Structures are given as C-alpha cells and as structure tokens.
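Trainee: Just final-v9.cif, nothing more (mmCIF, C-alpha atoms and all ligand atoms):
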```cif
data_coords
loop_
_atom_site.group_PDB
_atom_site.id
_atom_site.type_symbol
_atom_site.label_atom_id
_atom_site.label_comp_id
_atom_site.auth_asym_id
_atom_site.auth_seq_id
_atom_site.Cartn_x
_atom_site.Cartn_y
_atom_site.Cartn_z
ATOM 1 C CA MET A 1070 -16.966 5.654 -3.314
ATOM 2 C CA LYS A 1071 -17.261 4.291 0.186
ATOM 3 C CA LEU A 1072 -14.676 5.151 2.817
ATOM 4 C CA LEU A 1073 -13.883 3.894 6.268
ATOM 5 C CA LEU A 1074 -12.573 6.571 8.621
ATOM 6 C CA VAL A 1075 -10.952 5.338 11.839
ATOM 7 C CA GLU A 1076 -10.236 8.395 13.953
ATOM 8 C CA ASP A 1077 -10.803 9.017 17.661
ATOM 9 C CA GLU A 1078 -10.620 12.824 17.532
ATOM 10 C CA LEU A 1079 -14.294 13.505 17.062
ATOM 11 C CA ALA A 1080 -13.977 17.100 15.851
ATOM 12 C CA LEU A 1081 -11.556 16.026 13.132
ATOM 13 C CA ALA A 1082 -13.682 13.018 12.237
ATOM 14 C CA GLU A 1083 -16.794 15.181 11.879
ATOM 15 C CA ALA A 1084 -14.949 17.688 9.714
ATOM 16 C CA LEU A 1085 -13.606 14.925 7.472
ATOM 17 C CA CYS A 1086 -17.003 13.221 7.157
ATOM 18 C CA SER A 1087 -18.475 16.498 5.981
ATOM 19 C CA VAL A 1088 -15.648 17.022 3.449
ATOM 20 C CA PHE A 1089 -16.125 13.462 2.148
ATOM 21 C CA SER A 1090 -19.860 13.906 1.905
ATOM 22 C CA LYS A 1091 -19.390 16.989 -0.294
ATOM 23 C CA GLU A 1092 -17.456 14.710 -2.669
ATOM 24 C CA ASN A 1093 -20.435 12.327 -2.647
ATOM 25 C CA TYR A 1094 -18.379 9.759 -0.753
ATOM 26 C CA ILE A 1095 -20.196 7.623 1.780
ATOM 27 C CA THR A 1096 -18.242 7.345 5.029
ATOM 28 C CA ASP A 1097 -18.433 4.886 7.903
ATOM 29 C CA HIS A 1098 -16.705 6.293 10.962
ATOM 30 C CA CYS A 1099 -15.208 4.303 13.842
ATOM 31 C CA ASP A 1100 -13.757 6.040 16.896
ATOM 32 C CA ASN A 1101 -11.696 3.107 18.155
ATOM 33 C CA GLY A 1102 -9.308 0.501 16.819
ATOM 34 C CA THR A 1103 -11.390 -2.589 17.534
ATOM 35 C CA ASP A 1104 -14.443 -1.424 15.581
ATOM 36 C CA GLY A 1105 -12.120 -0.046 12.933
ATOM 37 C CA LEU A 1106 -10.532 -3.436 12.373
ATOM 38 C CA ASN A 1107 -13.886 -5.261 12.307
ATOM 39 C CA ASN A 1108 -15.178 -2.883 9.655
ATOM 40 C CA ALA A 1109 -11.950 -2.918 7.641
ATOM 41 C CA LEU A 1110 -12.001 -6.735 7.510
ATOM 42 C CA THR A 1111 -15.305 -6.716 5.610
ATOM 43 C CA GLY A 1112 -13.361 -5.624 2.516
ATOM 44 C CA ILE A 1113 -16.272 -3.491 1.321
ATOM 45 C CA TYR A 1114 -14.462 -0.135 1.293
ATOM 46 C CA ASP A 1115 -12.714 1.662 -1.518
ATOM 47 C CA ALA A 1116 -10.196 3.168 0.894
ATOM 48 C CA VAL A 1117 -9.491 3.329 4.627
ATOM 49 C CA VAL A 1118 -8.318 6.532 6.307
ATOM 50 C CA LEU A 1119 -6.611 5.289 9.434
ATOM 51 C CA ASP A 1120 -5.343 7.211 12.434
ATOM 52 C CA VAL A 1121 -2.328 5.705 14.229
ATOM 53 C CA MET A 1122 -2.972 6.488 17.909
ATOM 54 C CA LEU A 1123 -6.337 4.926 18.708
ATOM 55 C CA PRO A 1124 -8.005 3.411 21.753
ATOM 56 C CA GLY A 1125 -8.322 -0.385 21.589
ATOM 57 C CA MET A 1126 -5.840 -1.131 18.872
ATOM 58 C CA ASN A 1127 -3.442 1.156 17.032
ATOM 59 C CA GLY A 1128 -3.477 1.899 13.330
ATOM 60 C CA PHE A 1129 -0.359 -0.135 12.558
ATOM 61 C CA GLU A 1130 -1.895 -3.226 14.189
ATOM 62 C CA ILE A 1131 -5.116 -2.741 12.221
ATOM 63 C CA LEU A 1132 -3.145 -2.417 9.018
ATOM 64 C CA ARG A 1133 -1.092 -5.532 9.692
ATOM 65 C CA GLU A 1134 -4.230 -7.555 10.508
ATOM 66 C CA MET A 1135 -5.886 -6.334 7.303
ATOM 67 C CA ARG A 1136 -2.954 -7.356 5.130
ATOM 68 C CA LYS A 1137 -2.600 -10.682 6.993
ATOM 69 C CA ASN A 1138 -6.265 -11.359 6.139
ATOM 70 C CA LYS A 1139 -5.636 -10.499 2.477
ATOM 71 C CA ILE A 1140 -7.667 -7.289 2.622
ATOM 72 C CA SER A 1141 -5.990 -5.141 -0.001
ATOM 73 C CA THR A 1142 -8.133 -2.009 0.459
ATOM 74 C CA PRO A 1143 -5.879 1.055 0.033
ATOM 75 C CA VAL A 1144 -4.957 2.565 3.404
ATOM 76 C CA ILE A 1145 -3.937 6.140 4.092
ATOM 77 C CA MET A 1146 -2.449 6.571 7.544
ATOM 78 C CA LEU A 1147 -3.026 9.763 9.540
ATOM 79 C CA THR A 1148 -0.835 10.618 12.458
ATOM 80 C CA ALA A 1149 0.293 13.460 14.638
ATOM 81 C CA LYS A 1150 3.770 12.010 14.610
ATOM 82 C CA SER A 1151 6.018 13.376 11.942
ATOM 83 C CA GLN A 1152 9.075 11.256 12.600
ATOM 84 C CA LEU A 1153 10.578 9.575 9.605
ATOM 85 C CA GLU A 1154 10.760 6.184 11.319
ATOM 86 C CA ASP A 1155 6.971 6.094 11.823
ATOM 87 C CA LYS A 1156 6.477 6.855 8.198
ATOM 88 C CA ILE A 1157 8.778 4.039 7.143
ATOM 89 C CA TYR A 1158 7.105 1.693 9.616
ATOM 90 C CA GLY A 1159 3.680 2.597 8.201
ATOM 91 C CA LEU A 1160 4.706 2.011 4.627
ATOM 92 C CA ASP A 1161 6.451 -1.240 5.593
ATOM 93 C CA SER A 1162 3.251 -2.431 7.289
ATOM 94 C CA GLY A 1163 1.433 -2.072 3.978
ATOM 95 C CA ALA A 1164 0.066 1.479 4.001
ATOM 96 C CA ASP A 1165 -0.455 3.020 0.580
ATOM 97 C CA ASP A 1166 0.159 6.526 1.778
ATOM 98 C CA TYR A 1167 0.841 8.564 4.853
ATOM 99 C CA LEU A 1168 -0.271 12.011 5.938
ATOM 100 C CA THR A 1169 1.023 13.977 8.910
ATOM 101 C CA LYS A 1170 -1.377 16.056 11.007
ATOM 102 C CA PRO A 1171 -2.208 18.854 10.551
ATOM 103 C CA PHE A 1172 -2.946 18.493 6.852
ATOM 104 C CA GLU A 1173 -5.034 20.222 4.206
ATOM 105 C CA THR A 1174 -8.230 18.313 3.438
ATOM 106 C CA GLY A 1175 -7.553 18.953 -0.249
ATOM 107 C CA GLU A 1176 -4.343 16.999 0.065
ATOM 108 C CA LEU A 1177 -6.109 14.101 1.767
ATOM 109 C CA LEU A 1178 -8.709 14.000 -1.023
ATOM 110 C CA ALA A 1179 -5.942 13.987 -3.633
ATOM 111 C CA ARG A 1180 -4.210 11.106 -1.865
ATOM 112 C CA ILE A 1181 -7.452 9.145 -1.603
ATOM 113 C CA ARG A 1182 -7.957 9.578 -5.346
ATOM 114 C CA ALA A 1183 -4.358 8.530 -6.016
ATOM 115 C CA ALA A 1184 -4.543 5.485 -3.732
ATOM 116 C CA THR A 1185 -7.795 4.234 -5.255
ATOM 117 C CA ARG A 1186 -6.462 4.811 -8.778
ATOM 118 C CA ARG A 1187 -3.336 2.891 -7.927
ATOM 119 C CA LYS A 1188 -5.478 -0.113 -7.124
ATOM 120 C CA GLY A 1189 -6.768 0.075 -10.659
ATOM 121 C CA GLU A 1190 -10.413 0.296 -9.696
ATOM 122 C CA VAL A 1191 -11.318 3.925 -9.949
ATOM 123 C CA THR A 1192 -9.744 5.692 -12.882
ATOM 124 C CA SER A 1193 -12.398 8.362 -13.231
ATOM 125 C CA ASN A 1194 -15.723 9.396 -11.833
ATOM 126 C CA THR A 1195 -17.421 6.961 -14.174
ATOM 127 C CA LEU A 1196 -17.585 3.180 -13.913
ATOM 128 C CA SER A 1197 -18.450 1.144 -16.993
ATOM 129 C CA PHE A 1198 -19.802 -2.303 -17.711
ATOM 130 C CA GLY A 1199 -21.096 -3.287 -21.143
ATOM 131 C CA ASP A 1200 -23.261 -0.449 -22.475
ATOM 132 C CA LEU A 1201 -23.775 0.943 -18.989
ATOM 133 C CA GLU A 1202 -22.033 3.864 -17.297
ATOM 134 C CA LEU A 1203 -22.413 4.814 -13.661
ATOM 135 C CA ARG A 1204 -21.641 8.504 -13.166
ATOM 136 C CA GLN A 1205 -20.503 9.533 -9.710
ATOM 137 C CA LYS A 1206 -20.932 13.297 -10.079
ATOM 138 C CA SER A 1207 -24.502 13.256 -11.343
ATOM 139 C CA GLY A 1208 -25.553 10.054 -9.558
ATOM 140 C CA GLU A 1209 -26.935 8.690 -12.823
ATOM 141 C CA ILE A 1210 -26.756 5.608 -14.957
ATOM 142 C CA PHE A 1211 -26.287 6.225 -18.651
ATOM 143 C CA CYS A 1212 -26.759 3.693 -21.434
ATOM 144 C CA THR A 1213 -24.268 4.304 -24.258
ATOM 145 C CA ALA A 1214 -26.390 2.307 -26.724
ATOM 146 C CA THR A 1215 -29.640 4.226 -26.198
ATOM 147 C CA THR A 1216 -28.187 7.485 -24.713
ATOM 148 C CA GLN A 1217 -30.879 7.298 -22.022
ATOM 149 C CA ALA A 1218 -30.009 8.329 -18.481
ATOM 150 C CA VAL A 1219 -31.779 8.094 -15.154
ATOM 151 C CA ARG A 1220 -30.868 9.181 -11.652
ATOM 152 C CA LEU A 1221 -30.382 6.560 -8.963
ATOM 153 C CA GLY A 1222 -31.271 6.946 -5.299
ATOM 154 C CA SER A 1223 -28.344 6.832 -2.910
ATOM 155 C CA LYS A 1224 -28.808 3.178 -1.937
ATOM 156 C CA GLU A 1225 -29.456 2.125 -5.531
ATOM 157 C CA PHE A 1226 -26.262 3.921 -6.533
ATOM 158 C CA GLN A 1227 -24.194 2.218 -3.846
ATOM 159 C CA LEU A 1228 -25.571 -1.220 -4.746
ATOM 160 C CA LEU A 1229 -24.793 -0.828 -8.413
ATOM 161 C CA GLU A 1230 -21.426 0.797 -7.721
ATOM 162 C CA PHE A 1231 -20.332 -2.192 -5.658
ATOM 163 C CA LEU A 1232 -21.534 -4.633 -8.313
ATOM 164 C CA MET A 1233 -19.713 -2.684 -11.032
ATOM 165 C CA LYS A 1234 -16.497 -2.532 -9.050
ATOM 166 C CA ASN A 1235 -16.677 -6.288 -8.541
ATOM 167 C CA GLN A 1236 -17.812 -7.158 -12.042
ATOM 168 C CA LYS A 1237 -17.273 -10.798 -13.018
ATOM 169 C CA GLN A 1238 -17.471 -11.712 -9.347
ATOM 170 C CA ILE A 1239 -20.390 -12.810 -7.263
ATOM 171 C CA VAL A 1240 -21.212 -10.245 -4.611
ATOM 172 C CA THR A 1241 -22.910 -11.700 -1.552
ATOM 173 C CA LYS A 1242 -25.983 -10.283 0.140
ATOM 174 C CA GLU A 1243 -23.950 -9.829 3.323
ATOM 175 C CA GLN A 1244 -21.432 -7.649 1.483
ATOM 176 C CA LEU A 1245 -24.220 -5.566 -0.015
ATOM 177 C CA ILE A 1246 -25.889 -5.081 3.371
ATOM 178 C CA GLU A 1247 -22.608 -4.053 4.974
ATOM 179 C CA ARG A 1248 -21.754 -1.776 2.080
ATOM 180 C CA VAL A 1249 -25.098 -0.056 1.673
ATOM 181 C CA TRP A 1250 -26.813 -0.218 5.042
ATOM 182 C CA GLY A 1251 -23.768 -0.284 7.280
ATOM 183 C CA TYR A 1252 -22.351 -2.773 9.656
ATOM 184 C CA ASN A 1253 -24.625 -2.050 12.598
ATOM 185 C CA ASP A 1254 -27.807 -1.478 10.705
ATOM 186 C CA GLU A 1255 -30.726 -3.759 11.446
ATOM 187 C CA SER A 1256 -31.691 -3.921 7.822
ATOM 188 C CA GLU A 1257 -33.554 -6.962 6.620
ATOM 189 C CA TYR A 1258 -32.304 -9.256 3.913
ATOM 190 C CA ASN A 1259 -35.442 -8.346 1.980
ATOM 191 C CA ASN A 1260 -34.189 -4.774 1.606
ATOM 192 C CA VAL A 1261 -31.443 -5.960 -0.700
ATOM 193 C CA GLU A 1262 -33.987 -7.683 -2.929
ATOM 194 C CA VAL A 1263 -36.219 -4.622 -2.961
ATOM 195 C CA TYR A 1264 -33.395 -2.302 -3.969
ATOM 196 C CA ILE A 1265 -32.026 -4.769 -6.513
ATOM 197 C CA SER A 1266 -35.477 -4.746 -8.096
ATOM 198 C CA PHE A 1267 -35.456 -0.915 -8.184
ATOM 199 C CA VAL A 1268 -32.087 -0.940 -9.939
ATOM 200 C CA ARG A 1269 -33.275 -3.606 -12.392
ATOM 201 C CA LYS A 1270 -36.257 -1.429 -13.315
ATOM 202 C CA LYS A 1271 -33.936 1.481 -14.013
ATOM 203 C CA LEU A 1272 -31.626 -0.687 -16.128
ATOM 204 C CA THR A 1273 -34.656 -1.666 -18.175
ATOM 205 C CA PHE A 1274 -35.797 1.953 -18.315
ATOM 206 C CA VAL A 1275 -32.547 3.143 -19.932
ATOM 207 C CA GLY A 1276 -32.588 0.142 -22.278
ATOM 208 C CA SER A 1277 -29.287 -1.350 -21.111
ATOM 209 C CA THR A 1278 -28.369 -4.947 -21.928
ATOM 210 C CA VAL A 1279 -26.764 -5.208 -18.488
ATOM 211 C CA LYS A 1280 -28.641 -7.405 -16.050
ATOM 212 C CA ILE A 1281 -28.251 -8.143 -12.375
ATOM 213 C CA LYS A 1282 -28.234 -11.888 -12.156
ATOM 214 C CA ALA A 1283 -29.209 -13.622 -8.921
ATOM 215 C CA VAL A 1284 -26.939 -16.534 -8.140
ATOM 216 C CA ARG A 1285 -28.960 -18.892 -6.019
ATOM 217 C CA GLY A 1286 -27.704 -19.186 -2.464
ATOM 218 C CA MET A 1287 -24.714 -16.965 -3.186
ATOM 219 C CA GLY A 1288 -25.593 -13.443 -4.223
ATOM 220 C CA TYR A 1289 -25.588 -11.320 -7.338
ATOM 221 C CA SER A 1290 -23.419 -10.597 -10.333
ATOM 222 C CA LEU A 1291 -23.623 -8.386 -13.391
ATOM 223 C CA GLU A 1292 -24.002 -9.856 -16.835
ATOM 224 C CA GLU A 1293 -24.642 -8.589 -20.327
ATOM 225 C CA SER A 1294 -27.441 -10.268 -22.164
ATOM 226 C CA VAL A 1295 -26.985 -10.215 -25.912
HETATM 227 CA CA CA B 1301 -5.760 9.532 17.566
#
```
Spit out the file's structure as structure tokens when you get a sec.
Mentor:
Amino acid sequence: MKLLLVEDELALAEALCSVFSKENYITDHCDNGTDGLNNALTGIYDAVVLDVMLPGMNGFEILREMRKNKISTPVIMLTAKSQLEDKIYGLDSGADDYLTKPFETGELLARIRAATRRKGEVTSNTLSFGDLELRQKSGEIFCTATTQAVRLGSKEFQLLEFLMKNQKQIVTKEQLIERVWGYNDESEYNNVEVYISFVRKKLTFVGSTVKIKAVRGMGYSLEESV
C-alpha cells in the first residue's frame, strides 16, 4: 500500500510516517498544499491522508481539484476543527472519511483500511492474479499452482503491487517511477526495466504462468500465459 500524507505539522507527520511504515505502507509526505496536489494528481496512491489547514492550498481545494481531475483515490481528511459544518463540507467535497485531531493512530489505520476496501481494491492483505498471490505481510509472491514462494525486495514488491492493482490495464513507466521511486527522485528510466526483469525472474522461479508484458511505447501489463 502506498499512501500520500499531506500535513504541515512536522512532528505529527513524522509520527504518522513511522506508524505507516510499521504497517509496511510506503508513504510520500508533503508539507504544503501545492506539492500535495501535484502528488495527488498522479493517481498512484492507494489513499491520501489530507490535512485541511495547509500552506499554499488548503485540503478542501486539493480534494476538489482531485475530484475535478477524475482522481478517485480515497481521501481521509484530518483537521483540528471539530465543527459539524466542516465535516459536512469535507464529505460534500468528495472526502471518503474525516478524522478530527487529536485522534488515535489505530483509528486512522482502521479508516484507511475501510476507505481502501470501499474502493474495492484492497479486500485483504493479499492481491491475486491468475495463479499468483502477492502477500503484503510477508512481502512474498506465492504461486498457488506450484506452492512455491519467494520474497520480493521493496521496490520489486511495489512494482508488482501496482501492476496487480491495475490488472487488465497498461501501467506506464512514468506511473511506475512515480510510484516506486517517488516524484522527486532522479531515477533513470532504465531502473524500471532492471526491476521488471528482477520480478520476471522471480515469477519464473515460483513457476507462475503470470507474465509481465511490455507494451511497446506504452508501458507494462500483467497477463497469464496458458
Ligand atoms: Ca495544518
């Protein structure tokens, strides 16, 4: 799972990043509204945790821009304000959930799980495609046909996770770079190819019929070869 956290209170942001990391979630953090919106518009996240009062652009504006641009990533709003009208405004702007500061991190995690389930993407800690399972907790792929498993490195896991969540779609190299290496990273295009080749080797190792197909000039998609 990859999260975007837009929060300008650095102590809170650090604490949340560490909580997310214990759940094996990868988090990109932005401390202002402008960067937050730019990241959110990539559409590569499983959920966005969005503060309301932010420098640059407030959380409601970010949310409205996201929905206007057809970015349907689940959004959980965080705010110090507890007034009912803000809550209604947030939900009307397209937020999936709303949490008032201060909150228990356990509650935030539960809401993130609920919001991502609601979208129909993440129903458990395991993603499946064909005979292949990707297991979040153990960081492994498991082939149901051969019962072979192998651990993936963090970047390999994120690559395959994004492909499995977007199965039957073509995922572009740009999306993979943003998802795995981050928006500001200077990573080379070649990195994607290198890591795709690592993942392919592991798919072969476990004996899966799932293949990562390169779509010339466009990107990659998963397919089952029979
Ligand atoms: Ca704030």
Trainee: Residues of chain A that approach ligand CA 1301 (chain B) to 8 Å or less, counting all atoms listed in the file: could you list each one with the shortest pair of atoms and its distance in Å to one decimal, rows by chain and increasing residue number, as JSON lines?
Mentor:
```
{"residue": "A:Glu1076", "atom": "CA", "partner": "B:CA1301", "partner_atom": "CA", "distance": 5.9}
{"residue": "A:Asp1077", "atom": "CA", "partner": "B:CA1301", "partner_atom": "CA", "distance": 5.1}
{"residue": "A:Glu1078", "atom": "CA", "partner": "B:CA1301", "partner_atom": "CA", "distance": 5.9}
{"residue": "A:Asp1120", "atom": "CA", "partner": "B:CA1301", "partner_atom": "CA", "distance": 5.6}
{"residue": "A:Val1121", "atom": "CA", "partner": "B:CA1301", "partner_atom": "CA", "distance": 6.1}
{"residue": "A:Met1122", "atom": "CA", "partner": "B:CA1301", "partner_atom": "CA", "distance": 4.1}
{"residue": "A:Leu1123", "atom": "CA", "partner": "B:CA1301", "partner_atom": "CA", "distance": 4.8}
{"residue": "A:Pro1124", "atom": "CA", "partner": "B:CA1301", "partner_atom": "CA", "distance": 7.7}
{"residue": "A:Thr1148", "atom": "CA", "partner": "B:CA1301", "partner_atom": "CA", "distance": 7.2}
{"residue": "A:Ala1149", "atom": "CA", "partner": "B:CA1301", "partner_atom": "CA", "distance": 7.8}
```
Trainee: Check which residues of stretch 1073-1174 of chain A sit at most 12 Å from stretch 1219-1239 of chain A using only C-alpha atoms, and return one row each with the closest pair of atoms and their distance in Å to one decimal, ordered by chain and rising number, as CSV.
Mentor:
```
residue,atom,partner,partner_atom,distance
A:Asn1093,CA,A:Ser1223,CA,9.6
A:Tyr1094,CA,A:Gln1227,CA,10.0
A:Ile1095,CA,A:Gln1227,CA,8.8
A:Thr1096,CA,A:Gln1227,CA,11.9
A:Gly1112,CA,A:Phe1231,CA,11.3
A:Ile1113,CA,A:Phe1231,CA,8.2
A:Tyr1114,CA,A:Phe1231,CA,9.3
A:Asp1115,CA,A:Lys1234,CA,9.4
```
Trainee: Please write as a PyMOL selection string the full residue list that the PyMOL selection byres (((chain A and resi 1100) around 12) and not hetatm) yields on this file.
Mentor: chain A and resi 1073-1083+1097-1099+1101-1106+1108+1118-1128
Trainee: For the residues selected in the previous step, produce a file with C-alpha atoms as a PDB file, keeping the file's coordinate frame.
Mentor:
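result23.pdb, written as the output of this step:
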```
ATOM      1  CA  LEU A1073     -13.883   3.894   6.268  1.00  0.00           C
ATOM      2  CA  LEU A1074     -12.573   6.571   8.621  1.00  0.00           C
ATOM      3  CA  VAL A1075     -10.952   5.338  11.839  1.00  0.00           C
ATOM      4  CA  GLU A1076     -10.236   8.395  13.953  1.00  0.00           C
ATOM      5  CA  ASP A1077     -10.803   9.017  17.661  1.00  0.00           C
ATOM      6  CA  GLU A1078     -10.620  12.824  17.532  1.00  0.00           C
ATOM      7  CA  LEU A1079     -14.294  13.505  17.062  1.00  0.00           C
ATOM      8  CA  ALA A1080     -13.977  17.100  15.851  1.00  0.00           C
ATOM      9  CA  LEU A1081     -11.556  16.026  13.132  1.00  0.00           C
ATOM     10  CA  ALA A1082     -13.682  13.018  12.237  1.00  0.00           C
ATOM     11  CA  GLU A1083     -16.794  15.181  11.879  1.00  0.00           C
ATOM     12  CA  ASP A1097     -18.433   4.886   7.903  1.00  0.00           C
ATOM     13  CA  HIS A1098     -16.705   6.293  10.962  1.00  0.00           C
ATOM     14  CA  CYS A1099     -15.208   4.303  13.842  1.00  0.00           C
ATOM     15  CA  ASN A1101     -11.696   3.107  18.155  1.00  0.00           C
ATOM     16  CA  GLY A1102      -9.308   0.501  16.819  1.00  0.00           C
ATOM     17  CA  THR A1103     -11.390  -2.589  17.534  1.00  0.00           C
ATOM     18  CA  ASP A1104     -14.443  -1.424  15.581  1.00  0.00           C
ATOM     19  CA  GLY A1105     -12.120  -0.046  12.933  1.00  0.00           C
ATOM     20  CA  LEU A1106     -10.532  -3.436  12.373  1.00  0.00           C
ATOM     21  CA  ASN A1108     -15.178  -2.883   9.655  1.00  0.00           C
ATOM     22  CA  VAL A1118      -8.318   6.532   6.307  1.00  0.00           C
ATOM     23  CA  LEU A1119      -6.611   5.289   9.434  1.00  0.00           C
ATOM     24  CA  ASP A1120      -5.343   7.211  12.434  1.00  0.00           C
ATOM     25  CA  VAL A1121      -2.328   5.705  14.229  1.00  0.00           C
ATOM     26  CA  MET A1122      -2.972   6.488  17.909  1.00  0.00           C
ATOM     27  CA  LEU A1123      -6.337   4.926  18.708  1.00  0.00           C
ATOM     28  CA  PRO A1124      -8.005   3.411  21.753  1.00  0.00           C
ATOM     29  CA  GLY A1125      -8.322  -0.385  21.589  1.00  0.00           C
ATOM     30  CA  MET A1126      -5.840  -1.131  18.872  1.00  0.00           C
ATOM     31  CA  ASN A1127      -3.442   1.156  17.032  1.00  0.00           C
ATOM     32  CA  GLY A1128      -3.477   1.899  13.330  1.00  0.00           C
TER      33      GLY A1128
END
```
Trainee: Could you tell me how far atom CA of A:Val1279 sits from atom CA of A:Phe1198, in Å to one decimal place?
Mentor: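 These atoms are spaced 7.6 Å apart.
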Trainee: Could you jot down the atom CA of A:Met1287 to atom CA of A:Lys1242 separation for me, Å, one decimal place?
Mentor: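 These atoms are spaced 7.6 Å apart.
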Trainee: Between A:Glu1134, A:Glu1209, A:Asp1166, A:Asp1200, which is the closest to A:Glu1293 once you count all atoms listed in the file?
Mentor: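 Once distances to A:Glu1293 are computed over all atoms listed in the file, the minimum belongs to A:Asp1200.
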Trainee: Would you work out the distance separating atom CA of A:Ser1162 from atom CA of A:Glu1130, expressed in Å to one decimal?
Mentor: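 Atom-to-atom, atom CA of A:Ser1162 to atom CA of A:Glu1130, that is 8.6 Å.
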Trainee: Check what the PyMOL selection byres (((chain A and resi 1169) around 10) and not hetatm) selects in the file above and give those residues as a VMD selection string.
Mentor: chain A and resid 1120 1146 to 1152 1156 1167 to 1168 1170 to 1173
Trainee: Mind writing the picked residues with C-alpha atoms as a tab-separated table (two decimals), in the frame of the given file?
Mentor:
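The file below, selection-v5.tsv, is the result:
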```tsv
chain	number	residue	atom	x	y	z
A	1120	ASP	CA	-5.34	7.21	12.43
A	1146	MET	CA	-2.45	6.57	7.54
A	1147	LEU	CA	-3.03	9.76	9.54
A	1148	THR	CA	-0.84	10.62	12.46
A	1149	ALA	CA	0.29	13.46	14.64
A	1150	LYS	CA	3.77	12.01	14.61
A	1151	SER	CA	6.02	13.38	11.94
A	1152	GLN	CA	9.07	11.26	12.60
A	1156	LYS	CA	6.48	6.86	8.20
A	1167	TYR	CA	0.84	8.56	4.85
A	1168	LEU	CA	-0.27	12.01	5.94
A	1170	LYS	CA	-1.38	16.06	11.01
A	1171	PRO	CA	-2.21	18.85	10.55
A	1172	PHE	CA	-2.95	18.49	6.85
A	1173	GLU	CA	-5.03	20.22	4.21
```
Trainee: Given all atoms listed in the file as the basis, pick out the residue of A:Ala1183, A:Glu1154, A:Ala1218, A:Glu1176 nearest to A:Arg1204.
Mentor: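 Of A:Ala1183, A:Glu1154, A:Ala1218, A:Glu1176, the one nearest A:Arg1204, counting all atoms listed in the file, is A:Ala1218.
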Trainee: Residue by residue, what does the PyMOL selection byres (((chain A and resi 1244) around 10) and not hetatm) grab here? Present the result as JSON, numbers by chain.
Mentor: {"A": [1111, 1112, 1113, 1228, 1231, 1240, 1241, 1242, 1243, 1245, 1246, 1247, 1248, 1249, 1250, 1251, 1252, 1288]}
Trainee: Let me have the centre and edge lengths in Å, one decimal, of the box along x, y and z around every listed atom of stretch 1280-1288 of chain A with 3 Å of margin on each side, as JSON.
Mentor:
```
{"center_x": -27.0, "center_y": -13.3, "center_z": -9.3, "size_x": 10.5, "size_y": 17.8, "size_z": 19.6}
```
